[in-house]
Amino acid sequence: MMLAGADYTSAPRKRKPIAVCHAELGGAEVHILRLEDCPSHEEFERVLRGLSLVGIDAPLGQPLAFLAAIYPEAMTRAEVVAKLRDETMETWVEKCRSYRGRDGERELFRACDRRATACSPMKCFFIPVGRMFLRAVQSLENTGFVLAGLQDGEKKAVEAYPTLAVENLTGQRSYKTDDPRKDTEARREVRRQVVNALRSTEPLPGYGLKVKISEDILAGLADDSKADRLDAILAAIQTAWAATQPNFGVPVSVDPREGTIVDFKRPNLTGA
């Protein structure tokens with residue numbers, strides 16, 4: 001089975017492209033084939049058109065209370081996506097920024113966000129995952145993808161979160177920074193541990209998959225403070241793991257409008 005993992009950005013460019021890892025799953029082995037940079041949304045959608053399974057390091061759903069406030073008539077995932085299709089980034093950011101819950105709540109969390117210690121998918125500044133959500137969902141819609149385990153369709157997407165893989169392999173969560181001046185030896189050591197785990201001939205702990213990867217692909221990953229390509233590889237591995245699980249590792253109780261992070265720590269992410 002061919003698949004891919006993507007380290008996503010809402011504003012891809014030459015200096016900060018969307019990193020894509022192409023891989024092949026065979027039995028209990030995932031073969032990392034190649035890495036590809038997409039410096040624009042158009043390039044990313046070109047890649048998506050050639051795929052049938054992809055994992056994206058970006059939120060692919062929103063808290064139900066927020067969706068009910070901004071799209072009260074949208075009762076299904078398809079109806080929500082239809083609303084999102086025509087949203088501009090400016091209007092979407094304003095919806096996220098201006099939201100207030102009954103008790104003044106601002107940035108809400110899904111159950112999986114809380115349990116994975118992830119940002120609110122409504123967050124549009126500093127760590128702009130809210131912006132990533134909008135553009136990722138629009139690109140998936142443009143190329144015919146649905147959420148794996150939650151919707152019917154031939155082209156399936158899962159919500160990956162490489163930080164969980166790093167934490168599982170090293171016990172640490174701090175391993176990257178977009179500013180090389182803020183990189184530390186501690187972060188470099190975490191990246192080295194992850195690279196060594198990928199290099200191992202033993203099944204990857206937790207995921208139960210052997211990773212086949214060339215030294216050419218591994219070269220430089222530990223020294224790259226941004227870790228975009230490393231994250232794309234980990235997203236591909238999380239996606240491969242999901243493909244080996246019933247219903248892609250997604251409990252049937254999850255609302256398709258919210259979606260969920262997919263990882264082997266499923267009970268900790270969904271409450272199922």
# chains A, B, ... in the order shown; residues from 1 in each chain; ligands from 1

$ closest_atom_pairs --of "region 17-102 of chain A" --to "region 115-138 of chain A" --cutoff "9 Å" --atoms "only C-alpha atoms" --output "tab-separated table"
residue	atom	partner	partner_atom	distance
A:His41	CA	A:Arg135	CA	8.3
A:Ile56	CA	A:Ala136	CA	8.1
A:Ala58	CA	A:Met132	CA	6.0
A:Pro59	CA	A:Phe133	CA	5.3
A:Leu60	CA	A:Phe133	CA	5.6
A:Gly61	CA	A:Phe133	CA	7.3
A:Gln62	CA	A:Pro121	CA	6.1
A:Pro63	CA	A:Pro121	CA	7.9
A:Phe66	CA	A:Met122	CA	8.7
A:Val81	CA	A:Val137	CA	7.4
A:Leu84	CA	A:Leu134	CA	7.0
A:Arg85	CA	A:Gln138	CA	5.7
A:Asp86	CA	A:Gln138	CA	8.6
A:Glu87	CA	A:Leu134	CA	8.1
A:Thr88	CA	A:Leu134	CA	8.8
A:Met89	CA	A:Arg131	CA	7.0
A:Trp92	CA	A:Leu134	CA	7.7
A:Val93	CA	A:Cys124	CA	6.4
A:Cys96	CA	A:Met122	CA	5.7
A:Arg97	CA	A:Cys124	CA	7.8

$ write_last_selection --atoms "C-alpha atoms" --output "short mmCIF file (atom, residue, chain, number, x, y, z; two decimals), in the first residue's frame"
data_model
loop_
_atom_site.label_atom_id
_atom_site.label_comp_id
_atom_site.auth_asym_id
_atom_site.auth_seq_id
_atom_site.Cartn_x
_atom_site.Cartn_y
_atom_site.Cartn_z
CA HIS A 41 -0.67 24.79 -2.05
CA ILE A 56 -1.35 15.39 7.70
CA ALA A 58 -2.53 19.59 11.10
CA PRO A 59 -5.92 19.57 12.82
CA LEU A 60 -8.61 18.28 10.48
CA GLY A 61 -11.56 19.03 12.76
CA GLN A 62 -12.87 21.65 15.16
CA PRO A 63 -14.64 21.57 18.55
CA PHE A 66 -17.39 26.31 17.99
CA VAL A 81 -16.71 21.32 4.65
CA LEU A 84 -15.28 25.98 4.74
CA ARG A 85 -14.77 25.63 1.00
CA ASP A 86 -15.48 29.31 0.37
CA GLU A 87 -13.98 30.76 3.56
CA THR A 88 -11.14 33.21 3.08
CA MET A 89 -8.32 33.12 5.57
CA TRP A 92 -11.86 32.39 9.13
CA VAL A 93 -9.29 33.99 11.43
CA CYS A 96 -11.76 32.10 15.51
CA ARG A 97 -10.58 35.38 17.07
#

$ select_by_dssp --residues "region 53-229 of chain A" --states "strand (DSSP E or B)" --output "list in words"
Leu53, Val54, Gly55, Ile56, Asp57, Phe145, Val146, Leu147, Lys155, Lys156, Ala157, Val158, Glu159, Lys210, Val211 and Lys212 of chain A

$ write_last_selection --atoms "N, CA and C atoms" --output "PDB file, in the first residue's frame"
ATOM      1  N   LEU A  53      -4.007   7.599   0.346  1.00  0.00           N
ATOM      2  CA  LEU A  53      -3.949   7.637   1.805  1.00  0.00           C
ATOM      3  C   LEU A  53      -2.859   8.609   2.232  1.00  0.00           C
ATOM      4  N   VAL A  54      -3.220   9.572   3.067  1.00  0.00           N
ATOM      5  CA  VAL A  54      -2.258  10.572   3.510  1.00  0.00           C
ATOM      6  C   VAL A  54      -2.517  10.920   4.978  1.00  0.00           C
ATOM      7  N   GLY A  55      -1.448  11.143   5.719  1.00  0.00           N
ATOM      8  CA  GLY A  55      -1.547  11.647   7.075  1.00  0.00           C
ATOM      9  C   GLY A  55      -0.999  13.055   7.115  1.00  0.00           C
ATOM     10  N   ILE A  56      -1.731  13.972   7.700  1.00  0.00           N
ATOM     11  CA  ILE A  56      -1.348  15.387   7.701  1.00  0.00           C
ATOM     12  C   ILE A  56      -1.162  15.874   9.139  1.00  0.00           C
ATOM     13  N   ASP A  57      -0.019  16.492   9.380  1.00  0.00           N
ATOM     14  CA  ASP A  57       0.277  17.058  10.694  1.00  0.00           C
ATOM     15  C   ASP A  57      -0.395  18.419  10.802  1.00  0.00           C
ATOM     16  N   PHE A 145     -10.529  13.969  -0.848  1.00  0.00           N
ATOM     17  CA  PHE A 145     -10.243  13.159   0.331  1.00  0.00           C
ATOM     18  C   PHE A 145     -11.353  13.267   1.372  1.00  0.00           C
ATOM     19  N   VAL A 146     -11.527  12.183   2.137  1.00  0.00           N
ATOM     20  CA  VAL A 146     -12.424  12.153   3.286  1.00  0.00           C
ATOM     21  C   VAL A 146     -11.616  11.706   4.500  1.00  0.00           C
ATOM     22  N   LEU A 147     -12.189  11.841   5.701  1.00  0.00           N
ATOM     23  CA  LEU A 147     -11.507  11.416   6.913  1.00  0.00           C
ATOM     24  C   LEU A 147     -11.591   9.907   7.069  1.00  0.00           C
ATOM     25  N   LYS A 155     -10.357   7.925  -1.235  1.00  0.00           N
ATOM     26  CA  LYS A 155      -9.160   8.671  -0.856  1.00  0.00           C
ATOM     27  C   LYS A 155      -9.309   9.118   0.602  1.00  0.00           C
ATOM     28  N   LYS A 156      -8.403   8.656   1.463  1.00  0.00           N
ATOM     29  CA  LYS A 156      -8.586   8.824   2.890  1.00  0.00           C
ATOM     30  C   LYS A 156      -7.428   9.615   3.518  1.00  0.00           C
ATOM     31  N   ALA A 157      -7.786  10.468   4.472  1.00  0.00           N
ATOM     32  CA  ALA A 157      -6.802  11.266   5.205  1.00  0.00           C
ATOM     33  C   ALA A 157      -6.927  10.988   6.688  1.00  0.00           C
ATOM     34  N   VAL A 158      -5.788  10.963   7.383  1.00  0.00           N
ATOM     35  CA  VAL A 158      -5.792  10.850   8.838  1.00  0.00           C
ATOM     36  C   VAL A 158      -5.080  12.066   9.413  1.00  0.00           C
ATOM     37  N   GLU A 159      -5.450  12.403  10.636  1.00  0.00           N
ATOM     38  CA  GLU A 159      -4.808  13.520  11.335  1.00  0.00           C
ATOM     39  C   GLU A 159      -3.642  12.983  12.157  1.00  0.00           C
ATOM     40  N   LYS A 210       8.308  -2.352  11.467  1.00  0.00           N
ATOM     41  CA  LYS A 210       9.711  -2.186  11.139  1.00  0.00           C
ATOM     42  C   LYS A 210       9.830  -1.078  10.097  1.00  0.00           C
ATOM     43  N   VAL A 211      10.816  -0.245  10.250  1.00  0.00           N
ATOM     44  CA  VAL A 211      11.014   0.872   9.330  1.00  0.00           C
ATOM     45  C   VAL A 211      12.223   0.585   8.446  1.00  0.00           C
ATOM     46  N   LYS A 212      11.993   0.639   7.157  1.00  0.00           N
ATOM     47  CA  LYS A 212      13.083   0.500   6.195  1.00  0.00           C
ATOM     48  C   LYS A 212      13.351   1.874   5.609  1.00  0.00           C
TER      49      LYS A 212
END

$ closest_residue --among "A:Thr201, A:Ser214, A:Gln238, A:Asn247" --to "Ala160 (chain A)" --atoms "only C-alpha atoms"
A:Gln238

$ residues_around --residues "Asn196 (chain A)" --least-positions-apart "2" --cutoff "12 Å" --atoms "only C-alpha atoms" --output "short mmCIF file (atom, residue, chain, number, x, y, z; two decimals) with N, CA and C atoms, in the first residue's frame"
data_model
loop_
_atom_site.label_atom_id
_atom_site.label_comp_id
_atom_site.auth_asym_id
_atom_site.auth_seq_id
_atom_site.Cartn_x
_atom_site.Cartn_y
_atom_site.Cartn_z
N VAL A 166 7.48 11.30 18.73
CA VAL A 166 8.74 11.70 19.36
C VAL A 166 8.68 11.41 20.85
N LEU A 169 9.08 7.72 21.51
CA LEU A 169 10.42 7.18 21.25
C LEU A 169 11.48 7.71 22.20
N THR A 170 11.27 8.90 22.75
CA THR A 170 12.34 9.54 23.54
C THR A 170 11.90 9.98 24.93
N GLU A 189 19.78 16.27 20.60
CA GLU A 189 19.90 14.92 21.14
C GLU A 189 18.58 14.16 20.96
N VAL A 190 17.47 14.83 21.16
CA VAL A 190 16.17 14.17 20.95
C VAL A 190 16.03 13.76 19.49
N ARG A 191 16.40 14.65 18.57
CA ARG A 191 16.30 14.31 17.15
C ARG A 191 17.22 13.14 16.81
N ARG A 192 18.42 13.10 17.41
CA ARG A 192 19.33 11.98 17.17
C ARG A 192 18.71 10.67 17.67
N GLN A 193 18.05 10.71 18.80
CA GLN A 193 17.40 9.51 19.32
C GLN A 193 16.31 9.02 18.37
N VAL A 194 15.54 9.94 17.81
CA VAL A 194 14.49 9.55 16.87
C VAL A 194 15.11 8.94 15.62
N LEU A 198 14.62 5.15 14.04
CA LEU A 198 14.22 4.86 12.66
C LEU A 198 15.23 3.93 11.99
N ARG A 199 16.47 4.05 12.39
CA ARG A 199 17.55 3.25 11.80
C ARG A 199 17.53 1.81 12.33
N SER A 200 16.93 1.59 13.48
CA SER A 200 16.94 0.28 14.12
C SER A 200 16.25 -0.77 13.25
N THR A 201 16.69 -2.01 13.35
CA THR A 201 16.06 -3.12 12.64
C THR A 201 14.90 -3.72 13.44
N GLU A 202 14.70 -3.25 14.67
CA GLU A 202 13.61 -3.74 15.50
C GLU A 202 12.32 -2.96 15.19
N LEU A 204 9.29 -0.54 15.55
CA LEU A 204 9.22 0.73 16.26
C LEU A 204 8.29 0.58 17.46
N VAL A 211 10.82 -0.24 10.25
CA VAL A 211 11.01 0.87 9.33
C VAL A 211 12.22 0.59 8.45
N ILE A 213 14.56 2.38 5.86
CA ILE A 213 14.88 3.74 5.43
C ILE A 213 16.36 3.83 5.10
N GLU A 215 20.15 5.52 4.45
CA GLU A 215 21.00 6.52 5.10
C GLU A 215 20.95 7.84 4.35
N LEU A 218 18.08 9.62 5.86
CA LEU A 218 18.34 9.99 7.26
C LEU A 218 19.37 11.11 7.40
N ALA A 219 20.22 11.25 6.39
CA ALA A 219 21.33 12.21 6.47
C ALA A 219 20.81 13.62 6.73
N LEU A 221 18.93 14.81 9.09
CA LEU A 221 17.67 15.01 9.82
C LEU A 221 17.91 15.46 11.26
N ALA A 222 18.91 14.91 11.91
CA ALA A 222 19.17 15.26 13.30
C ALA A 222 19.69 16.68 13.45
#

$ atom_distance --atom1 "CA of Gly5 (chain A)" --atom2 "CA of Glu90 (chain A)"
27.6 Å

$ atom_distance --atom1 "CA of Arg187 (chain A)" --atom2 "CA of Asp113 (chain A)"
23.1 Å
